[in-house]
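J.: Got a structure for you, run.cif, holding mmCIF, C-alpha atoms.
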```cif
data_upload
#
loop_
_atom_site.label_atom_id
_atom_site.label_comp_id
_atom_site.auth_asym_id
_atom_site.auth_seq_id
_atom_site.Cartn_x
_atom_site.Cartn_y
_atom_site.Cartn_z
CA MET A 1 -96.31 313.00 24.91
CA THR A 2 -95.16 309.41 24.59
CA LYS A 3 -91.65 308.72 25.80
CA PRO A 4 -89.15 307.98 23.05
CA ARG A 5 -87.43 304.57 23.40
CA VAL A 6 -83.72 305.32 23.73
CA PHE A 7 -80.56 303.18 23.65
CA LEU A 8 -77.25 304.50 25.07
CA VAL A 9 -73.86 303.67 23.59
CA ASP A 10 -70.86 305.03 25.49
CA ASP A 11 -67.77 303.35 26.89
CA HIS A 12 -67.80 305.44 30.08
CA SER A 13 -70.16 303.95 32.63
CA MET A 14 -70.11 307.18 34.63
CA PHE A 15 -71.28 309.13 31.62
CA ARG A 16 -74.03 306.58 30.93
CA SER A 17 -75.32 306.73 34.48
CA GLY A 18 -75.23 310.54 34.37
CA VAL A 19 -77.25 310.61 31.16
CA ARG A 20 -79.65 307.98 32.55
CA SER A 21 -80.42 310.09 35.58
CA GLU A 22 -80.82 313.26 33.50
CA LEU A 23 -83.20 311.58 31.09
CA ALA A 24 -85.18 309.73 33.77
CA GLY A 25 -88.90 310.26 33.31
CA ALA A 26 -88.59 311.95 29.91
CA VAL A 27 -87.46 308.95 27.85
CA ASP A 28 -87.65 305.18 28.14
CA ILE A 29 -84.10 303.75 28.25
CA VAL A 30 -84.32 300.31 26.67
CA GLY A 31 -80.67 299.33 26.86
CA GLU A 32 -77.06 300.39 26.88
CA ALA A 33 -73.73 299.18 25.55
CA ALA A 34 -70.08 300.15 25.96
CA ASP A 35 -68.63 299.14 22.59
CA VAL A 36 -69.29 298.63 18.88
CA GLU A 37 -70.01 294.87 18.77
CA PRO A 38 -72.37 294.61 21.77
CA ALA A 39 -74.11 297.81 20.62
CA ILE A 40 -74.84 296.33 17.18
CA THR A 41 -76.23 293.09 18.65
CA GLN A 42 -78.36 294.73 21.33
CA ILE A 43 -79.72 297.58 19.19
CA ALA A 44 -80.85 295.00 16.61
CA GLU A 45 -82.71 293.18 19.40
CA SER A 46 -84.28 296.11 21.24
CA LEU A 47 -84.98 298.28 18.16
CA PRO A 48 -85.09 301.65 19.92
CA GLU A 49 -86.37 304.82 18.23
CA VAL A 50 -83.22 306.78 19.02
CA VAL A 51 -79.66 305.66 19.77
CA LEU A 52 -77.49 308.13 21.69
CA LEU A 53 -74.07 307.31 20.31
CA ASP A 54 -70.62 308.30 21.50
CA VAL A 55 -68.49 309.16 18.47
CA HIS A 56 -65.45 307.41 19.97
CA LEU A 57 -65.60 303.79 21.15
CA PRO A 58 -62.77 301.44 22.07
CA GLY A 59 -63.60 299.00 19.25
CA GLY A 60 -63.84 301.65 16.54
CA GLY A 61 -65.77 304.72 15.53
CA GLY A 62 -69.47 305.22 16.19
CA GLN A 63 -70.00 305.29 12.42
CA ASP A 64 -69.56 301.48 12.30
CA VAL A 65 -72.58 301.08 14.58
CA VAL A 66 -74.65 303.48 12.45
CA ALA A 67 -73.72 301.81 9.15
CA GLU A 68 -74.31 298.29 10.45
CA ILE A 69 -77.73 299.03 12.00
CA LYS A 70 -78.94 301.32 9.17
CA ALA A 71 -78.39 298.51 6.64
CA GLU A 72 -80.90 296.23 8.40
CA HIS A 73 -83.04 298.68 10.38
CA PRO A 74 -83.31 302.00 8.57
CA ASP A 75 -85.94 303.29 11.03
CA VAL A 76 -83.54 303.42 13.98
CA LYS A 77 -82.30 307.01 14.35
CA PHE A 78 -78.95 308.11 15.72
CA LEU A 79 -77.93 311.20 17.65
CA ALA A 80 -74.16 311.54 18.00
CA LEU A 81 -72.62 312.75 21.24
CA SER A 82 -68.99 313.65 21.57
CA ALA A 83 -66.56 315.16 24.00
CA SER A 84 -63.68 315.40 21.57
CA ASP A 85 -65.15 317.31 18.64
CA ALA A 86 -62.50 316.22 16.16
CA PRO A 87 -64.31 317.28 12.99
CA GLU A 88 -63.29 314.28 10.88
CA ASP A 89 -64.99 311.95 13.38
CA VAL A 90 -68.12 314.04 13.63
CA ILE A 91 -68.47 314.31 9.85
CA ALA A 92 -67.89 310.53 9.50
CA VAL A 93 -70.69 309.64 11.89
CA ILE A 94 -73.09 312.12 10.23
CA ARG A 95 -72.21 310.80 6.79
CA ALA A 96 -72.86 307.27 8.03
CA GLY A 97 -76.45 308.38 8.76
CA ALA A 98 -76.70 310.06 12.18
CA ARG A 99 -79.47 312.72 12.37
CA GLY A 100 -77.51 315.15 14.46
CA TYR A 101 -74.62 315.93 16.72
CA VAL A 102 -74.44 317.49 20.16
CA THR A 103 -71.55 317.98 22.56
CA LYS A 104 -71.45 316.14 25.88
CA THR A 105 -71.63 319.38 27.81
CA ILE A 106 -75.25 319.84 26.62
CA SER A 107 -77.78 320.35 29.46
CA GLY A 108 -80.28 317.61 30.32
CA ALA A 109 -83.24 319.68 29.10
CA GLU A 110 -81.55 320.41 25.77
CA LEU A 111 -80.61 316.75 25.34
CA ILE A 112 -84.23 315.67 25.92
CA ASP A 113 -85.36 318.23 23.34
CA ALA A 114 -82.74 316.99 20.87
CA ILE A 115 -83.86 313.34 21.36
CA ARG A 116 -87.48 314.30 20.70
CA ARG A 117 -86.51 316.13 17.53
CA VAL A 118 -84.50 313.21 16.23
CA ALA A 119 -87.32 310.79 17.13
CA ALA A 120 -89.68 313.01 15.09
CA GLY A 121 -87.36 312.74 12.09
CA ASP A 122 -85.78 316.18 12.38
CA ALA A 123 -82.10 317.01 12.28
CA VAL A 124 -80.29 318.39 15.33
CA PHE A 125 -77.42 320.81 14.80
CA SER A 126 -75.37 322.09 17.73
CA PRO A 127 -73.57 325.42 17.23
CA ARG A 128 -70.36 323.48 16.68
CA LEU A 129 -71.79 321.27 13.95
CA ALA A 130 -73.25 324.36 12.25
CA GLY A 131 -69.75 325.88 12.34
CA PHE A 132 -68.15 322.73 10.89
CA VAL A 133 -70.64 322.68 8.05
CA LEU A 134 -70.26 326.37 7.18
CA ASP A 135 -66.51 325.92 7.19
CA ALA A 136 -66.56 322.73 5.12
CA PHE A 137 -68.87 324.15 2.47
CA ALA A 138 -67.07 327.50 2.32
CA ALA A 139 -63.50 326.20 2.12
CA GLY A 140 -61.79 326.66 -1.23
CA HIS A 141 -64.91 326.14 -3.27
CA SER A 142 -63.88 328.16 -6.32
CA ALA A 143 -61.53 325.50 -7.70
CA GLU A 144 -63.98 322.73 -7.05
CA LEU A 145 -66.97 324.34 -8.71
CA ASP A 146 -65.31 323.60 -12.04
CA ARG A 147 -65.18 319.90 -11.38
CA PRO A 148 -67.26 317.93 -13.93
CA SER A 149 -69.08 315.95 -11.23
CA PHE A 150 -69.98 319.08 -9.30
CA ASP A 151 -73.66 318.95 -8.38
CA PRO A 152 -74.84 322.44 -7.35
CA GLU A 153 -77.93 321.01 -5.68
CA LEU A 154 -75.87 318.83 -3.35
CA ASP A 155 -72.49 320.52 -3.20
CA GLN A 156 -73.53 324.04 -2.24
CA LEU A 157 -75.61 325.58 0.50
CA THR A 158 -78.33 328.05 -0.43
CA GLY A 159 -78.18 331.57 0.97
CA ARG A 160 -81.06 330.78 3.30
CA GLU A 161 -79.40 327.61 4.59
CA ARG A 162 -76.28 329.62 5.34
CA GLU A 163 -78.31 332.22 7.23
CA VAL A 164 -79.96 329.49 9.33
CA LEU A 165 -76.61 327.81 10.09
CA ARG A 166 -75.01 331.14 11.04
CA LEU A 167 -77.74 331.83 13.57
CA ILE A 168 -77.43 328.33 15.03
CA ALA A 169 -73.67 328.85 15.30
CA ARG A 170 -74.40 332.12 17.13
CA GLY A 171 -76.32 330.13 19.75
CA TYR A 172 -79.91 330.63 18.52
CA THR A 173 -82.49 327.88 19.09
CA TYR A 174 -84.65 326.82 16.11
CA ARG A 175 -87.49 328.92 17.55
CA GLU A 176 -85.23 331.98 17.82
CA VAL A 177 -83.94 331.42 14.28
CA ALA A 178 -87.55 331.32 13.04
CA LYS A 179 -88.38 334.58 14.78
CA GLU A 180 -85.24 336.29 13.50
CA LEU A 181 -85.85 335.31 9.87
CA PHE A 182 -89.66 335.73 9.96
CA ILE A 183 -90.21 332.08 9.03
CA SER A 184 -91.90 329.18 10.83
CA VAL A 185 -90.08 326.67 13.02
CA LYS A 186 -91.14 324.02 10.47
CA THR A 187 -89.31 325.94 7.75
CA VAL A 188 -86.18 326.16 9.93
CA GLU A 189 -86.40 322.39 10.46
CA SER A 190 -86.71 321.78 6.74
CA HIS A 191 -83.65 323.95 5.99
CA VAL A 192 -81.62 322.06 8.59
CA SER A 193 -82.79 318.69 7.25
CA SER A 194 -81.80 319.78 3.77
CA VAL A 195 -78.31 320.74 5.00
CA LEU A 196 -78.02 317.35 6.71
CA ARG A 197 -78.94 315.65 3.46
CA LYS A 198 -76.27 317.59 1.56
CA LEU A 199 -73.74 316.75 4.23
CA GLN A 200 -74.56 313.06 3.83
CA LEU A 201 -74.80 312.89 0.06
CA SER A 202 -72.37 315.44 -1.29
CA THR A 203 -69.37 313.89 -3.00
CA ARG A 204 -67.25 316.98 -2.60
CA HIS A 205 -63.66 315.98 -2.06
CA GLN A 206 -63.36 319.20 -0.15
CA LEU A 207 -65.70 317.93 2.54
CA THR A 208 -63.60 314.95 3.50
CA ARG A 209 -60.30 316.67 2.89
CA TRP A 210 -61.37 319.62 5.00
CA ALA A 211 -62.48 317.35 7.80
CA ALA A 212 -59.22 315.44 7.76
CA GLU A 213 -57.04 318.55 7.72
CA ARG A 214 -58.88 320.60 10.24
CA ARG A 215 -58.00 320.30 13.89
CA LEU A 216 -60.32 322.04 16.26
CA THR A 217 -60.43 323.28 19.83
CA MET B 1 -45.84 313.04 28.01
CA ALA B 2 -48.63 310.65 28.99
CA SER B 3 -47.39 310.63 32.56
CA ARG B 4 -47.53 314.42 32.67
CA VAL B 5 -51.14 314.39 31.54
CA HIS B 6 -52.04 311.68 34.01
CA ASP B 7 -50.41 313.61 36.79
CA SER B 8 -52.31 316.73 35.85
CA VAL B 9 -55.62 314.84 35.70
CA LEU B 10 -54.96 313.15 39.06
CA GLN B 11 -54.21 316.47 40.69
CA THR B 12 -57.43 317.93 39.38
CA LEU B 13 -59.42 314.92 40.54
CA ALA B 14 -57.90 315.28 43.99
CA LEU B 15 -58.77 318.97 44.08
CA ILE B 16 -62.31 318.21 42.96
CA GLN B 17 -62.76 315.71 45.78
CA ARG B 18 -61.59 318.23 48.33
CA ARG B 19 -63.76 321.02 47.01
CA ALA B 20 -66.84 318.95 46.21
CA GLY B 21 -68.98 321.33 48.25
CA ASP B 22 -68.08 324.32 46.11
CA GLN B 23 -69.92 323.70 42.88
CA GLN B 24 -68.64 326.72 40.94
CA GLN B 25 -65.07 325.89 41.84
CA VAL B 26 -65.49 322.24 40.86
CA ILE B 27 -67.00 323.21 37.50
CA ARG B 28 -64.15 325.62 36.88
CA LEU B 29 -61.52 322.98 37.66
CA ALA B 30 -63.19 320.39 35.49
CA ARG B 31 -63.39 322.84 32.56
CA ALA B 32 -59.78 323.92 32.88
CA GLN B 33 -58.69 320.28 32.91
CA GLU B 34 -60.88 319.46 29.94
CA ARG B 35 -59.31 322.27 27.93
CA GLU B 36 -55.78 321.17 28.77
CA LEU B 37 -56.47 317.60 27.77
CA ARG B 38 -58.21 318.71 24.60
CA ALA B 39 -55.33 320.96 23.61
CA TRP B 40 -52.92 318.14 24.23
CA LEU B 41 -54.95 315.55 22.34
CA PHE B 42 -55.86 317.70 19.35
CA ASP B 43 -53.35 320.50 19.06
CA GLY B 44 -50.29 318.64 20.26
CA ARG B 45 -49.68 321.21 22.98
CA PRO B 46 -48.59 319.83 26.33
CA PRO B 47 -50.55 320.92 29.41
CA GLY B 48 -49.39 324.17 30.98
CA SER B 49 -47.95 325.58 27.77
CA MET B 50 -51.02 327.42 26.54
CA LYS B 51 -49.91 330.92 27.33
CA GLY B 52 -48.48 331.58 23.88
CA GLN B 53 -49.69 334.65 22.01
CA ALA B 54 -52.51 334.16 19.55
CA GLU B 55 -51.37 334.27 15.94
CA THR B 56 -54.71 333.97 14.19
CA VAL B 57 -58.32 334.99 14.82
CA ALA B 58 -59.26 331.39 15.74
CA ASP B 59 -56.40 331.27 18.28
CA GLY B 60 -57.59 334.54 19.73
CA VAL B 61 -61.16 333.29 20.08
CA ARG B 62 -59.85 330.21 21.85
CA LEU B 63 -57.84 332.38 24.26
CA ILE B 64 -60.93 334.45 25.09
CA GLN B 65 -62.85 331.23 25.72
CA GLN B 66 -60.16 329.88 28.03
CA GLU B 67 -59.69 333.09 29.91
CA VAL B 68 -63.37 333.79 30.52
CA GLU B 69 -64.18 330.18 31.41
CA SER B 70 -61.41 329.93 33.95
CA GLN B 71 -61.86 333.39 35.47
CA HIS B 72 -65.65 333.56 35.55
CA GLY B 73 -66.70 329.91 35.84
CA LEU B 74 -69.25 329.85 33.04
CA ALA B 75 -69.19 327.98 29.72
CA VAL B 76 -68.18 329.80 26.55
CA ASP B 77 -69.52 327.95 23.53
CA ALA B 78 -67.00 329.09 20.92
CA VAL B 79 -67.34 328.38 17.20
CA THR B 80 -65.04 329.74 14.50
CA VAL B 81 -65.53 329.51 10.75
CA GLY B 82 -62.47 330.20 8.59
CA ASP B 83 -59.34 331.87 9.91
CA CYS B 84 -56.86 334.64 9.12
CA GLU B 85 -53.80 336.30 10.61
CA LEU B 86 -54.12 338.54 13.61
CA ASP B 87 -53.09 342.03 12.42
CA ASP B 88 -53.79 345.25 14.36
CA ASP B 89 -57.35 345.57 13.06
CA MET B 90 -58.17 341.99 14.03
CA SER B 91 -56.54 342.46 17.44
CA ALA B 92 -58.84 345.44 18.01
CA LEU B 93 -61.82 343.32 16.99
CA LEU B 94 -60.79 340.54 19.39
CA ALA B 95 -60.23 343.02 22.21
CA ALA B 96 -63.82 344.20 21.71
CA ALA B 97 -65.06 340.58 21.62
CA ARG B 98 -63.19 339.86 24.83
CA GLU B 99 -64.76 342.86 26.52
CA ALA B 100 -68.23 341.81 25.39
CA THR B 101 -67.68 338.23 26.60
CA VAL B 102 -66.39 339.35 29.99
CA ASN B 103 -69.37 341.70 30.30
CA ALA B 104 -71.78 338.85 29.55
CA ALA B 105 -70.00 336.71 32.16
CA LYS B 106 -70.22 339.44 34.78
CA TRP B 107 -73.67 340.89 34.24
CA SER B 108 -75.97 338.54 32.32
CA GLY B 109 -76.50 335.88 34.99
CA ALA B 110 -76.48 333.24 32.21
CA ASP B 111 -74.43 330.06 32.62
CA THR B 112 -73.37 329.97 28.95
CA VAL B 113 -72.13 332.58 26.48
CA SER B 114 -72.06 331.84 22.75
CA LEU B 115 -69.05 333.24 20.89
CA PHE B 116 -69.17 332.91 17.10
CA ALA B 117 -66.51 334.25 14.75
CA GLU B 118 -66.69 334.08 10.98
CA VAL B 119 -63.84 335.03 8.67
CA GLU B 120 -65.16 336.04 5.25
CA PRO B 121 -63.21 337.33 2.26
CA GLU B 122 -64.02 341.00 2.95
CA SER B 123 -64.56 341.12 6.70
CA VAL B 124 -64.55 339.28 10.00
CA SER B 125 -67.66 339.19 12.21
CA ILE B 126 -67.91 338.18 15.84
CA PHE B 127 -71.14 337.66 17.77
CA VAL B 128 -71.31 337.40 21.55
CA ARG B 129 -74.64 336.21 22.82
CA ASP B 130 -76.16 335.25 26.14
CA ARG B 131 -79.65 334.26 27.26
CA GLY B 132 -79.31 336.17 30.51
CA ARG B 133 -81.32 338.95 32.04
CA GLY B 134 -80.76 341.48 29.27
CA PHE B 135 -81.40 345.19 29.63
CA ASP B 136 -83.10 348.10 27.93
CA PRO B 137 -80.32 349.78 25.90
CA ALA B 138 -82.25 353.08 25.96
CA ALA B 139 -82.34 353.08 29.76
CA VAL B 140 -78.64 352.51 30.46
CA PRO B 141 -77.37 355.26 32.77
CA ALA B 142 -74.93 357.68 31.16
CA ASP B 143 -71.98 356.50 33.28
CA ARG B 144 -72.38 352.91 32.04
CA LYS B 145 -72.77 353.94 28.41
CA GLY B 146 -69.06 354.72 28.38
CA LEU B 147 -68.17 351.07 27.97
CA ALA B 148 -70.26 350.45 24.86
CA GLU B 149 -69.21 353.80 23.42
CA SER B 150 -65.51 353.16 23.88
CA VAL B 151 -65.78 349.77 22.15
CA ARG B 152 -67.74 351.34 19.32
CA ALA B 153 -65.29 354.23 18.93
CA ARG B 154 -62.24 352.00 18.94
CA LEU B 155 -63.70 349.80 16.20
CA ALA B 156 -65.00 352.75 14.18
CA ARG B 157 -61.51 354.29 14.04
CA ARG B 158 -60.42 351.22 12.09
CA GLY B 159 -63.50 351.06 9.89
CA GLY B 160 -65.34 348.48 12.02
CA ALA B 161 -68.69 348.63 13.78
CA ALA B 162 -70.43 347.35 16.90
CA THR B 163 -74.13 346.94 17.60
CA ILE B 164 -75.87 345.76 20.75
CA ARG B 165 -79.27 344.11 20.85
CA SER B 166 -80.87 343.49 24.18
CA ALA B 167 -84.20 343.52 25.97
CA PRO B 168 -85.06 342.78 29.60
CA GLY B 169 -85.45 339.01 30.04
CA GLU B 170 -84.32 338.22 26.50
CA GLY B 171 -80.55 338.22 26.82
CA THR B 172 -78.03 340.28 24.92
CA GLU B 173 -76.20 339.97 21.63
CA VAL B 174 -73.22 342.10 20.69
CA SER B 175 -72.34 342.07 16.98
CA LEU B 176 -68.88 343.20 15.93
CA VAL B 177 -67.50 343.51 12.43
CA MET B 178 -64.14 344.58 11.02
CA PRO B 179 -63.18 344.85 7.33
CA ARG B 180 -60.06 342.95 6.34
CA SER B 181 -57.05 344.81 4.98
CA ALA B 182 -55.94 344.04 1.43
CA ALA B 183 -52.65 342.56 2.70
CA ASP B 184 -54.46 340.28 5.10
CA ARG B 185 -56.82 339.00 2.41
CA MET B 186 -53.78 337.85 0.43
CA SER B 187 -52.78 335.62 3.33
CA ASN B 188 -56.20 333.97 3.59
CA ARG B 189 -55.96 330.44 4.90
CA SER B 190 -58.13 328.81 2.28
#
```
Output the structure of this file as structure tokens.
T.:
Amino acid sequence: MTKPRVFLVDDHSMFRSGVRSELAGAVDIVGEAADVEPAITQIAESLPEVVLLDVHLPGGGGQDVVAEIKAEHPDVKFLALSASDAPEDVIAVIRAGARGYVTKTISGAELIDAIRRVAAGDAVFSPRLAGFVLDAFAAGHSAELDRPSFDPELDQLTGREREVLRLIARGYTYREVAKELFISVKTVESHVSSVLRKLQLSTRHQLTRWAAERRLT
Amino acid sequence: MASRVHDSVLQTLALIQRRAGDQQQVIRLARAQERELRAWLFDGRPPGSMKGQAETVADGVRLIQQEVESQHGLAVDAVTVGDCELDDDMSALLAAAREATVNAAKWSGADTVSLFAEVEPESVSIFVRDRGRGFDPAAVPADRKGLAESVRARLARRGGAATIRSAPGEGTEVSLVMPRSAADRMSNRS
């Protein structure tokens, strides 16, 4: 397996060095930055496959880095990492174009697996992100379904997508979800990618309002 | 307020330095500190004031997470979807979830337990899952069956149910469900 080329963006040097040592050998770290501006400049130069991006940076939110790079270099993929889990920030970085979200307490092995998935174009949902999404799409939908601009394809999850998200929220890996639902891992991946797409494209007011109102553990 | 948080963080850092040889203890301290900071940053609760009674299912799940993490030194990955008030039925459900989580912490050998609660219009479900050593439910000695049976009976009295799925080497998942009372549904958050 070729090593994915990875760029680290986090303002804590201790966290960066911890991640570097955990990823050593499994990925090729091509650079790192501690804030929005240097990250944008250096990512544009080194053009990594995957950027590991802290949601919170001193000079702004991680979503600024995603938006800026995506405009010029759509092939660069982003995996968001966060310690804070404030849902409005997580949703903002996903809507800006990140392919997934994991918490900073993730183990080294799981992080390597998540990077490989994102490099391959798949979406990576942690249990927490799955919970956010179920909550956001479930909250007060009855009033909104009557909205003229409501797009059922984008603004609602299918029953199967919900089942997949519930299992992820329960702590199942994609492989375990596949086994539980008698479907292939590829099919699980395609459901998750479809949910990610809805999360990014849906215009539901509810989604942003929910994220802004909700305060989590 | 900021000085109180800084003081609390400094104390923890000092403790961590002194106990650096005891990995479990260091992990426990770091987690407890993380939770305090998180509560302060996101819930507006100052450190040390988290002993308040839970008022909703999500609060209760958070209390279970805190209690098990600090007493057993493993991570509880807690996710809650929706929320509702904590009436007697929901308290019984949470008591069962707590028991299942503590059991996983004590017996599974896993370093993480997943705790997922979902509040739906008609019922509330909680799943407690670990990837630990698991067991053969058919081979549990009669004297240990009491635990699972008492949880099941307590939930059943209130119209709820509990199921346990486990196999040696494949971890354990306890599924708990409790119907919501009509009064409680009226007070639904959303």
J.: Tell me which residues the PyMOL selection byres ((chain A and resi 57-64) around 9) grabs here, as a list in words.
T.: Val9, Asp10, Asp11, Ala34, Asp35, Val36, Glu37, Ile40, Leu53, Asp54, Val55, His56, Val65, Val66, Ala67, Glu68, Ile69, Ala80, Asp89, Ala92, Val93, Ile94, Arg95, Ala96, Gly97 and Ala98 of chain A
J.: Take the residues from that selection and write them out as a PDB file, in the frame of the given file, keeping C-alpha atoms.
T.:
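Heads up, here's the output in selection.pdb:
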```pdb
ATOM      1  CA  VAL A   9     -73.860 303.670  23.590  1.00  0.00           C
ATOM      2  CA  ASP A  10     -70.860 305.030  25.490  1.00  0.00           C
ATOM      3  CA  ASP A  11     -67.770 303.350  26.890  1.00  0.00           C
ATOM      4  CA  ALA A  34     -70.080 300.150  25.960  1.00  0.00           C
ATOM      5  CA  ASP A  35     -68.630 299.140  22.590  1.00  0.00           C
ATOM      6  CA  VAL A  36     -69.290 298.630  18.880  1.00  0.00           C
ATOM      7  CA  GLU A  37     -70.010 294.870  18.770  1.00  0.00           C
ATOM      8  CA  ILE A  40     -74.840 296.330  17.180  1.00  0.00           C
ATOM      9  CA  LEU A  53     -74.070 307.310  20.310  1.00  0.00           C
ATOM     10  CA  ASP A  54     -70.620 308.300  21.500  1.00  0.00           C
ATOM     11  CA  VAL A  55     -68.490 309.160  18.470  1.00  0.00           C
ATOM     12  CA  HIS A  56     -65.450 307.410  19.970  1.00  0.00           C
ATOM     13  CA  VAL A  65     -72.580 301.080  14.580  1.00  0.00           C
ATOM     14  CA  VAL A  66     -74.650 303.480  12.450  1.00  0.00           C
ATOM     15  CA  ALA A  67     -73.720 301.810   9.150  1.00  0.00           C
ATOM     16  CA  GLU A  68     -74.310 298.290  10.450  1.00  0.00           C
ATOM     17  CA  ILE A  69     -77.730 299.030  12.000  1.00  0.00           C
ATOM     18  CA  ALA A  80     -74.160 311.540  18.000  1.00  0.00           C
ATOM     19  CA  ASP A  89     -64.990 311.950  13.380  1.00  0.00           C
ATOM     20  CA  ALA A  92     -67.890 310.530   9.500  1.00  0.00           C
ATOM     21  CA  VAL A  93     -70.690 309.640  11.890  1.00  0.00           C
ATOM     22  CA  ILE A  94     -73.090 312.120  10.230  1.00  0.00           C
ATOM     23  CA  ARG A  95     -72.210 310.800   6.790  1.00  0.00           C
ATOM     24  CA  ALA A  96     -72.860 307.270   8.030  1.00  0.00           C
ATOM     25  CA  GLY A  97     -76.450 308.380   8.760  1.00  0.00           C
ATOM     26  CA  ALA A  98     -76.700 310.060  12.180  1.00  0.00           C
TER      27      ALA A  98
END
```
J.: Counting only C-alpha atoms, which residues from chain B have an atom at most 12 Å from any atom of chain A, and could you show them as number ranges by chain?
T.: B: 27, 30-31, 34-45, 58-63, 65-66, 74-83, 111-121, 125-131, 170-175, 188-190
J.: Please enumerate the residues selected by the PyMOL selection byres ((chain B and resi 73) around 8) when evaluated against the supplied file, formatted as a PyMOL selection string.
T.: chain B and resi 24-25+27-28+68-72+74-75
J.: Counting only C-alpha atoms, which residue out of B:Ser123, B:Ser150, B:Ser91, B:Ser108 sits closest to Glu55 in chain B?
T.: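 Nearest candidate to Glu55 in chain B out of B:Ser123, B:Ser150, B:Ser91, B:Ser108: B:Ser91.
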J.: Taking the file as shown, find all residues satisfying the PyMOL selection byres ((chain A and resi 16-32) around 7) and write them as a ChimeraX atom specification.
T.: /A:3-10,12-15,33,46,48,108,112
J.: From the options B:Arg154, B:Glu122, B:Gly134, B:Met178, which residue's atoms come nearest to Asn103 in chain B, counting only C-alpha atoms?
T.: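 Checking each of B:Arg154, B:Glu122, B:Gly134, B:Met178 against Asn103 in chain B, counting only C-alpha atoms, the winner is B:Gly134.
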J.: Tell me, in Å to one decimal, how far CA of Phe125 in chain A is from CA of Val102 in chain B.
T.: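 Between CA of Phe125 in chain A and CA of Val102 in chain B the gap works out to 26.4 Å.
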J.: Distance CA of Gly159 in chain A-CA of Arg175 in chain A, one decimal place?
T.: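 Computed distance, CA of Gly159 in chain A to CA of Arg175 in chain A, equals 19.2 Å.
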